[in-house]
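Below is data28.txt, which holds compact mmCIF, C-alpha atoms.
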```txt
# COMPACT_ATOMS: atom_id res chain seq x y z
CA MET A 125 3.84 11.16 18.07
CA LEU A 126 1.45 8.31 18.75
CA ILE A 127 -0.87 6.94 16.08
CA ARG A 128 -3.83 4.71 16.80
CA TYR A 129 -4.37 2.11 14.11
CA GLY A 130 -6.69 -0.80 13.58
CA PHE A 131 -9.49 -2.34 11.58
CA ASN A 132 -12.81 -4.11 11.91
CA ILE A 133 -13.78 -6.25 8.92
CA GLU A 134 -16.77 -8.55 8.56
CA ILE A 135 -17.53 -10.81 5.62
CA ASP A 136 -20.28 -13.31 4.98
CA VAL A 137 -19.43 -16.74 3.56
CA TRP A 138 -21.75 -19.64 2.76
CA GLN A 139 -19.33 -22.54 3.12
CA GLU A 140 -16.08 -23.34 4.88
CA THR A 141 -13.66 -20.83 3.34
CA THR A 142 -9.93 -20.28 3.72
CA ILE A 143 -8.86 -16.63 3.84
CA LEU A 144 -5.37 -15.15 3.53
CA THR A 145 -4.82 -11.74 5.10
CA ALA A 146 -2.10 -9.09 4.90
CA LEU A 147 -3.32 -6.82 7.70
CA ASP A 148 -0.53 -6.88 10.30
CA ILE A 149 1.97 -4.04 10.60
CA ALA A 150 5.23 -4.77 8.76
CA ALA A 151 7.93 -6.43 10.84
CA GLU A 152 10.25 -3.43 10.46
CA ARG A 153 7.75 -1.26 12.37
CA CYS A 154 7.06 -3.73 15.17
CA ALA A 155 9.68 -2.11 17.40
CA ASP A 156 7.61 1.10 17.25
CA ILE A 157 4.45 -0.55 18.56
CA VAL A 158 3.62 0.84 22.01
CA GLU A 159 0.73 -1.52 22.59
CA GLU A 160 -1.38 -3.81 20.45
CA GLY A 161 -4.42 -5.85 21.30
CA PRO A 162 -4.80 -9.41 20.04
CA PHE A 163 -5.95 -10.22 16.53
CA LYS A 164 -9.59 -11.20 17.06
CA ALA A 165 -11.45 -13.49 14.69
CA THR A 166 -14.86 -15.04 15.16
CA SER A 167 -16.60 -17.86 13.28
CA VAL A 168 -13.27 -19.44 12.42
CA ALA A 169 -11.81 -22.89 12.99
CA SER A 170 -8.15 -21.79 13.09
CA VAL A 171 -5.77 -18.90 12.47
CA GLN A 172 -2.16 -19.44 11.42
CA LYS A 173 0.38 -16.61 11.27
CA TYR A 174 3.18 -16.81 8.70
CA THR A 175 5.66 -14.74 6.66
CA ASP A 176 5.22 -14.66 2.89
CA GLY A 177 7.91 -14.56 0.19
CA PHE A 178 8.15 -10.76 0.36
CA GLY A 179 8.68 -10.71 4.13
CA ASN A 180 5.12 -9.63 4.94
CA THR A 181 3.32 -10.86 8.04
CA CYS A 182 0.21 -12.74 6.92
CA ARG A 183 -2.45 -15.03 8.36
CA ARG A 184 -4.28 -18.07 7.03
CA ILE A 185 -7.78 -18.26 8.45
CA ASP A 186 -10.06 -21.26 8.14
CA GLY A 187 -13.49 -19.65 8.22
CA LEU A 188 -16.82 -21.28 9.04
CA PRO A 189 -20.11 -20.57 7.25
CA GLY A 190 -21.71 -17.37 8.48
CA THR A 191 -20.32 -13.93 9.34
CA ILE A 192 -16.56 -13.91 9.89
CA SER A 193 -15.22 -10.91 11.78
CA MET A 194 -11.59 -9.82 12.05
CA SER A 195 -10.36 -6.93 14.17
CA LEU A 196 -7.20 -5.50 15.71
CA GLU A 197 -6.23 -2.20 17.33
CA GLY A 198 -3.02 -0.71 18.69
CA LEU A 199 -0.77 2.30 19.17
CA VAL A 200 2.47 2.91 17.27
CA ARG A 201 5.08 5.57 17.88
CA ASP A 202 6.09 7.59 14.81
CA ASN A 203 8.89 10.13 14.43
CA GLY A 204 6.47 12.67 12.95
CA VAL A 205 8.81 13.39 10.05
CA ALA A 206 7.42 13.71 6.54
CA ASP A 207 8.59 11.51 3.66
CA PRO A 208 12.15 12.55 2.72
CA ILE A 209 13.01 14.42 -0.46
CA VAL A 210 16.48 13.60 -1.81
CA VAL A 211 16.76 15.38 -5.14
CA ASP A 212 20.33 14.21 -5.80
CA ALA A 213 19.47 10.48 -5.53
CA GLU A 214 20.72 9.08 -8.84
CA GLN A 215 19.39 6.25 -10.96
CA MET A 216 21.70 3.22 -11.00
CA PRO A 217 22.49 1.21 -14.15
CA VAL A 218 20.71 -2.13 -14.16
CA SER A 219 24.12 -3.86 -14.22
CA LEU A 220 24.91 -2.35 -10.79
CA LEU A 221 21.57 -2.83 -9.08
CA PRO A 222 21.42 -5.27 -6.13
CA VAL A 223 19.99 -8.54 -7.37
CA ASP A 224 17.11 -8.42 -4.89
CA THR A 225 15.78 -5.30 -6.65
CA LEU A 226 15.63 -6.93 -10.10
CA PRO A 227 12.16 -8.54 -9.71
CA PHE A 228 10.80 -5.02 -9.25
CA LEU A 229 11.89 -4.09 -12.78
CA LEU A 230 9.63 -6.67 -14.41
CA ALA A 231 6.03 -6.66 -15.56
CA SER A 232 3.46 -7.97 -13.07
CA ARG A 233 -0.29 -8.63 -12.99
CA TYR A 234 -1.36 -5.00 -12.81
CA CYS A 235 1.77 -3.32 -14.22
CA GLU A 236 2.08 -4.07 -17.95
CA THR A 237 5.49 -2.57 -18.64
CA GLU A 238 5.64 -4.19 -22.08
CA LEU A 239 2.63 -2.09 -23.14
CA LEU A 240 3.81 1.16 -21.57
CA THR A 241 7.53 1.30 -22.38
CA SER A 242 7.28 3.37 -25.57
CA MET A 243 5.01 5.91 -23.93
CA ALA A 244 7.24 6.07 -20.83
CA TRP A 245 10.43 6.74 -22.78
CA SER A 246 8.68 9.36 -24.90
CA ASN A 247 7.58 11.25 -21.80
CA PHE A 248 10.42 10.70 -19.34
CA GLY A 249 13.46 9.65 -21.39
CA GLY A 250 14.87 13.18 -21.52
CA ILE A 251 14.76 13.73 -17.76
CA GLN A 252 18.12 13.44 -16.04
CA GLY A 253 18.55 12.14 -12.51
CA GLY A 254 16.80 9.30 -10.74
CA TRP A 255 14.82 11.36 -8.24
CA ALA A 256 13.80 13.89 -10.88
CA ARG A 257 12.58 11.12 -13.17
CA VAL A 258 10.51 9.40 -10.48
CA GLN A 259 9.04 12.73 -9.38
CA ALA A 260 8.15 13.57 -12.99
CA ILE A 261 6.31 10.24 -13.18
CA CYS A 262 4.43 11.03 -9.97
CA ASP A 263 3.50 14.48 -11.31
CA PHE A 264 2.24 12.93 -14.54
CA VAL A 265 0.14 10.27 -12.81
CA HIS A 266 -1.22 12.73 -10.25
CA ASP A 267 -2.34 15.10 -13.02
CA ARG A 268 -3.56 12.35 -15.37
CA LEU A 269 -5.87 10.45 -13.01
CA THR A 270 -8.91 11.68 -11.10
CA PHE A 271 -9.46 10.04 -7.72
CA SER A 272 -12.90 8.43 -7.40
CA TYR A 273 -14.06 5.82 -4.88
CA SER A 274 -17.27 5.32 -6.85
CA ASN A 275 -15.26 4.19 -9.88
CA ALA A 276 -13.03 1.71 -8.01
CA ARG A 277 -12.50 -1.60 -9.81
CA SER A 278 -10.34 -4.41 -8.45
CA THR A 279 -9.27 -5.56 -11.92
CA ARG A 280 -8.09 -2.19 -13.29
CA THR A 281 -4.51 -2.33 -14.58
CA ALA A 282 -1.95 0.44 -14.99
CA LEU A 283 -2.67 0.74 -18.73
CA GLU A 284 -6.41 0.83 -18.11
CA ALA A 285 -5.96 3.54 -15.48
CA LEU A 286 -3.90 5.56 -17.97
CA ASN A 287 -6.61 5.25 -20.62
CA GLU A 288 -9.62 5.68 -18.32
CA ARG A 289 -7.96 8.57 -16.42
CA ILE A 290 -9.67 7.60 -13.16
CA GLY A 291 -9.03 5.38 -10.16
CA VAL A 292 -8.25 5.02 -6.48
CA CYS A 293 -4.87 5.03 -4.71
CA ARG A 294 -3.94 1.52 -5.94
CA ASP A 295 -4.48 2.66 -9.55
CA PHE A 296 -2.30 5.74 -9.10
CA THR A 297 0.34 3.48 -7.58
CA HIS A 298 0.16 0.79 -10.26
CA LEU A 299 0.61 3.31 -13.05
CA ALA A 300 3.53 5.04 -11.34
CA VAL A 301 5.19 1.71 -10.53
CA ALA A 302 4.81 0.50 -14.12
CA LEU A 303 6.25 3.71 -15.58
CA CYS A 304 9.25 3.59 -13.21
CA ARG A 305 9.96 0.02 -14.23
CA CYS A 306 9.72 1.01 -17.90
CA MET A 307 12.50 3.52 -17.17
CA ASN A 308 14.67 0.80 -15.52
CA ILE A 309 14.00 2.08 -12.00
CA PRO A 310 12.98 -0.67 -9.55
CA ALA A 311 9.62 0.11 -7.98
CA ARG A 312 7.55 -1.87 -5.48
CA TYR A 313 3.94 -1.56 -4.37
CA CYS A 314 3.20 -0.72 -0.71
CA ASN A 315 0.04 -0.57 1.33
CA GLY A 316 -0.68 0.46 4.88
CA TYR A 317 -2.18 3.10 7.12
CA LEU A 318 -2.00 6.80 6.30
CA GLY A 319 -4.05 9.18 8.42
CA ASP A 320 -4.75 12.86 7.81
CA ILE A 321 -1.83 14.10 9.90
CA GLY A 322 -0.54 17.56 9.05
CA VAL A 323 -3.09 17.95 6.23
CA PRO A 324 -6.76 18.97 6.10
CA SER A 325 -9.05 16.19 7.28
CA ASP A 326 -10.68 14.09 4.56
CA PRO A 327 -14.42 13.68 5.26
CA SER A 328 -14.44 10.22 3.62
CA PRO A 329 -14.27 7.18 5.92
CA MET A 330 -10.74 6.09 6.83
CA ASP A 331 -9.19 3.48 4.58
CA PHE A 332 -5.95 1.69 3.90
CA ASN A 333 -3.71 3.49 1.40
CA ALA A 334 -1.37 2.45 -1.39
CA TRP A 335 1.93 4.13 -2.29
CA PHE A 336 5.23 2.90 -3.71
CA GLU A 337 8.95 2.80 -3.17
CA ALA A 338 11.52 3.44 -5.88
CA TYR A 339 15.15 2.36 -5.73
CA VAL A 340 17.33 5.41 -6.43
CA GLY A 341 20.51 6.64 -4.82
CA GLY A 342 21.31 3.15 -3.56
CA ARG A 343 18.21 2.70 -1.38
CA TRP A 344 14.42 2.56 -1.41
CA TYR A 345 12.53 5.86 -1.07
CA THR A 346 8.81 6.48 -0.57
CA PHE A 347 6.75 8.13 -3.31
CA ASP A 348 3.00 8.76 -3.48
CA ALA A 349 1.47 9.56 -6.87
CA ARG A 350 -2.00 10.02 -5.48
CA HIS A 351 -1.23 12.68 -2.85
CA ASN A 352 2.05 13.80 -4.50
CA VAL A 353 3.30 15.60 -1.39
CA PRO A 354 5.42 14.30 1.50
CA ARG A 355 3.17 12.92 4.22
CA ILE A 356 3.53 12.20 7.94
CA GLY A 357 2.55 9.01 9.69
CA ARG A 358 2.74 6.22 7.13
CA ILE A 359 2.49 2.81 8.78
CA LEU A 360 3.60 0.12 6.37
CA VAL A 361 1.66 -3.15 6.28
CA ALA A 362 2.93 -4.98 3.20
CA ARG A 363 5.04 -4.74 0.05
CA GLY A 364 4.95 -6.63 -3.23
CA ARG A 365 5.20 -6.35 -6.99
CA ASP A 366 1.65 -5.01 -7.14
CA ALA A 367 -1.70 -5.38 -5.36
CA MET A 368 -1.97 -9.01 -6.46
CA ASP A 369 0.88 -9.92 -4.08
CA VAL A 370 -0.52 -8.11 -1.05
CA PRO A 371 -4.33 -8.14 -0.98
CA MET A 372 -5.70 -7.29 2.44
CA LEU A 373 -8.03 -10.26 2.06
CA HIS A 374 -7.88 -13.15 -0.39
CA THR A 375 -10.74 -15.63 -0.03
CA PHE A 376 -10.76 -19.09 -1.58
CA GLY A 377 -14.49 -18.98 -2.19
CA PRO A 378 -17.28 -16.41 -2.63
CA HIS A 379 -17.90 -13.83 0.06
CA SER A 380 -19.86 -10.66 0.68
CA LEU A 381 -18.39 -7.69 2.52
CA ARG A 382 -20.53 -6.64 5.48
CA THR A 383 -18.31 -4.21 7.43
CA PHE A 384 -15.04 -2.45 6.61
CA LYS A 385 -13.72 0.09 9.12
CA VAL A 386 -10.16 1.38 9.39
CA ILE A 387 -8.64 3.48 12.18
CA THR A 388 -5.53 5.61 11.65
CA GLU A 389 -5.31 8.82 13.67
CA GLU A 390 -2.92 10.76 15.85
CA VAL A 391 -3.62 10.66 19.57
CA GLN A 392 -2.17 12.80 22.33
CA GLU A 393 0.22 11.07 24.70
CA SER A 394 -1.35 12.88 27.66
CA VAL A 395 -4.70 11.30 26.81
CA CYS A 396 -3.10 7.85 26.60
CA ASP A 397 -1.30 8.37 29.91
CA LEU A 398 -4.54 9.40 31.59
CA ALA A 399 -6.37 6.38 30.15
CA ALA A 400 -3.60 4.09 31.42
CA GLU A 401 -3.99 5.44 34.95
```
Mind converting the file's structure to structure tokens?
Amino acid sequence: MLIRYGFNIEIDVWQETTILTALDIAAERCADIVEEGPFKATSVASVQKYTDGFGNTCRRIDGLPGTISMSLEGLVRDNGVADPIVVDAEQMPVSLLPVDTLPFLLASRYCETELLTSMAWSNFGGIQGGWARVQAICDFVHDRLTFSYSNARSTRTALEALNERIGVCRDFTHLAVALCRCMNIPARYCNGYLGDIGVPSDPSPMDFNAWFEAYVGGRWYTFDARHNVPRIGRILVARGRDAMDVPMLHTFGPHSLRTFKVITEEVQESVCDLAAE
């Protein structure tokens, strides 16, 4: 299938402001891109593309006072297969884990494992099997938290989400990631595009989504505590320890959000072929 993706973001700044973005599709999906327009930015002095320490494609933008706009749109080919379920994927002892997974066992800005370990072991210590344990964590988080855009807060941590019992997709993800790490399962935060493909359409405006990957059975697998069902059409943008590592926008100065529009929808190939003609 083909999925149209893109964004249009406008922010107001009152002085020269440097902005870091994590908005480009992950390098591992670049081979699937059928077409992509240029990254457009107005009211900027320069744009520099680079790769961060987690392998994400990022940009450093030197913005000028006024309204800065950033936009991009493209088409990506997807296999149309839902997230895999591998119930026999086992948890590996920490002593046997690849060393590059070890940072994803540790506490991070939004995932306070040191404050959640006792609770995690009380709830999930008796569950056998890596996949079963991660799925039990997803079930718990999905049932514990209520999704609410109106109660979004950029500073909410995993422990605060647990106690407040409310949040958006990043909060579901932070809590699930933290609980996995408490159980010695490497878990990393992911964000990207996820349209309503194969599920009832959500009337809310399109947005970027957060999910996570857990290392079981000798590889990384996708899990989603917010939706808690396999989904079709995920387009990864960035990975990190938590949302602090991969903010869509990080501004070195005050700003005000003016416009935030995200596109992620399936399109018919026949329509694209006709448009190309």
At a cut-off of 8 Å, using all atoms listed in the file, what residues contact Ile209 (chain A)? Leave out same-chain residues fewer than 2 positions from it and give the result as a compact mmCIF listing (two decimals) with C-alpha atoms, keeping the file's coordinate frame.
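What ended up in part07.txt:
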```txt
# COMPACT_ATOMS: atom_id res chain seq x y z
CA ASP A 207 8.59 11.51 3.66
CA VAL A 211 16.76 15.38 -5.14
CA PRO A 354 5.42 14.30 1.50
```
Within 12 Å of region 316-337 of chain A, which residues of region 187-274 of chain A show up? Give each one with its shortest atom-to-atom distance in Å (one decimal) and the two atoms involved, counting all atoms listed in the file, rows by chain then rising residue number, as a tab-separated table.
```
residue	atom	partner	partner_atom	distance
A:Val200	CA	A:Tyr317	CA	11.2
A:Asp202	CA	A:Ile321	CA	11.4
A:Gly204	CA	A:Ile321	CA	9.0
A:Val205	CA	A:Gly322	CA	10.3
A:Ala206	CA	A:Gly322	CA	9.2
A:Asp207	CA	A:Glu337	CA	11.1
A:Pro208	CA	A:Glu337	CA	11.8
A:Thr225	CA	A:Glu337	CA	11.2
A:Phe228	CA	A:Glu337	CA	10.1
A:Trp255	CA	A:Glu337	CA	11.6
A:Val258	CA	A:Glu337	CA	10.0
A:Gln259	CA	A:Glu337	CA	11.7
A:Cys262	CA	A:Phe336	CA	10.3
A:Ser272	CA	A:Ser328	CA	11.3
A:Tyr273	CA	A:Ser328	CA	9.6
A:Ser274	CA	A:Ser328	CA	11.9
```
Near Ala276 (chain A), counting only C-alpha atoms, which residues have an atom at most 10 Å away, once you skip same-chain residues fewer than 3 positions from it, shown as a VMD selection string? chain A and resid 271 to 273 279 to 280 290 to 295
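The coordinates place CA of Ala362 (chain A) at 9.2 Å from CA of Ala151 (chain A).
Considering the residues A:Glu134, A:Asp156, A:Glu214, A:Asp224 and counting all atoms listed in the file, Val386 (chain A) has its shortest atom-to-atom contact with A:Glu134.
Across A:Thr166, A:Thr241, A:Asn308, A:Thr388, the tightest approach to Ile135 (chain A) is made by A:Thr166 when counting only C-alpha atoms.
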Pro162 (chain A): which residues within 10 Å, counting only C-alpha atoms, same-chain residues fewer than 5 positions away excluded, as a list in words? Ser195, Leu196, Glu197 and Gly198 of chain A
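Reported to one decimal place, the separation of CA of Pro371 (chain A) from CA of Arg312 (chain A) is 14.2 Å.
Counting from CA of Arg257 (chain A), the distance to CA of Val340 (chain A) is 10.0 Å.
Among the candidates A:Val223, A:Asn352, A:Leu283, A:Val210, the one nearest to Ala260 (chain A) when counting only C-alpha atoms is A:Asn352.
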Hey, can you pull every residue with an atom no more than 10 Å from (1.5, 2.2, -12.6), using only C-alpha atoms, and send it as JSON, numbers by chain? {"A": [234, 235, 236, 237, 240, 261, 262, 265, 281, 282, 283, 284, 285, 286, 294, 295, 296, 297, 298, 299, 300, 301, 302, 303, 304, 305, 306, 311, 313, 336, 349, 366]}
(-11.3, -20.1, 11.6) in this file's frame - what residues fall within 7 Å of it? Use all atoms listed in the file and give the answer as a PyMOL selection string. chain A and resi 167-171+185-188
